[in-house]
Amino acid sequence: MAVQDDAREQELCNIFNLEWDPEHARGGDDAWFESEIDGKILRIPVEVKSTTTDTVSTARDVGLSHISKWREKLWVIGFYIKSHGYPRLQNSLCLTPDEMEPWIAQIEAYILPDYKISEIASSHLTFNDLHAICGNKDIYTIE
């Protein structure tokens, strides 16, 4: 059973009355809800995760931009078990950014050394290094 499954995310969105974005891209908002405060409609982003174990995994290539976005979102997490060959929701959590902060900080601490190393290393790279890694080209772009 795949760890991430759109059907499970949709089920969680239905349970928590969230708008699910079927077009959401990696790093985008999985879902949201809207609330009116002082006559203004606010769109509240929600990170939706499902798991078939007792842990929750992150995106494949977690970066500091993920960390920043995660600190602004509510989290809905569904814990599923396999029942008669199909996933069945066993329990779920809805957590605030403050409640998720210890976990988010742990992920941040884990990836931060890579960013520090790349920052230091990049200031010492030469064109010879670039050619060795990317090949010798007339023009280089971020892409």
# chains A, B, ... in the order shown; residues from 1 in each chain; ligands from 1
>>> closest_atom_pairs(of="segment 38-132 of chain A", to="segment 12-16 of chain A", cutoff="8 Å", atoms="only C-alpha atoms", output="tab-separated table")
residue	atom	partner	partner_atom	distance
A:Val48	CA	A:Leu12	CA	7.6
A:Val76	CA	A:Leu12	CA	7.4
A:Ile77	CA	A:Leu12	CA	7.9
A:Gly78	CA	A:Leu12	CA	6.8
>>> write_last_selection(atoms="C-alpha atoms", output="CSV table (one decimal), in the first residue's frame")
chain,number,residue,atom,x,y,z
A,48,VAL,CA,-2.9,16.6,4.7
A,76,VAL,CA,-4.5,16.8,9.3
A,77,ILE,CA,-3.0,13.4,9.7
A,78,GLY,CA,-4.9,10.1,9.1
>>> closest_residue(among="A:Ile37, A:Thr52, A:Arg43, A:Ser68", to="Asn91 of chain A", atoms="only C-alpha atoms")
A:Thr52
>>> residues_around(residues="Phe33 of chain A", least_positions_apart="2", cutoff="7 Å", atoms="only C-alpha atoms", output="compact mmCIF listing (two decimals) with N, CA and C atoms, in the first residue's frame")
# COMPACT_ATOMS: atom_id res chain seq x y z
N LEU A 18 -12.76 20.07 4.42
CA LEU A 18 -11.74 20.87 3.77
C LEU A 18 -11.94 20.83 2.26
N GLU A 19 -11.48 21.87 1.61
CA GLU A 19 -11.43 21.89 0.15
C GLU A 19 -10.12 21.24 -0.26
N SER A 35 -12.51 30.97 6.30
CA SER A 35 -13.18 31.47 7.49
C SER A 35 -13.33 32.98 7.35
N ARG A 43 -8.28 32.38 3.78
CA ARG A 43 -8.05 31.01 3.31
C ARG A 43 -6.93 30.42 4.16
N ILE A 44 -7.24 29.36 4.90
CA ILE A 44 -6.31 28.73 5.82
C ILE A 44 -5.76 27.46 5.16
N PRO A 45 -4.44 27.42 4.89
CA PRO A 45 -3.87 26.23 4.26
C PRO A 45 -3.75 25.06 5.24
>>> select_by_dssp(residues="chain A", states="strand (DSSP E or B)", output="VMD selection string")
chain A and resid 19 to 20 31 to 37 40 to 51 74 to 83 86 to 95
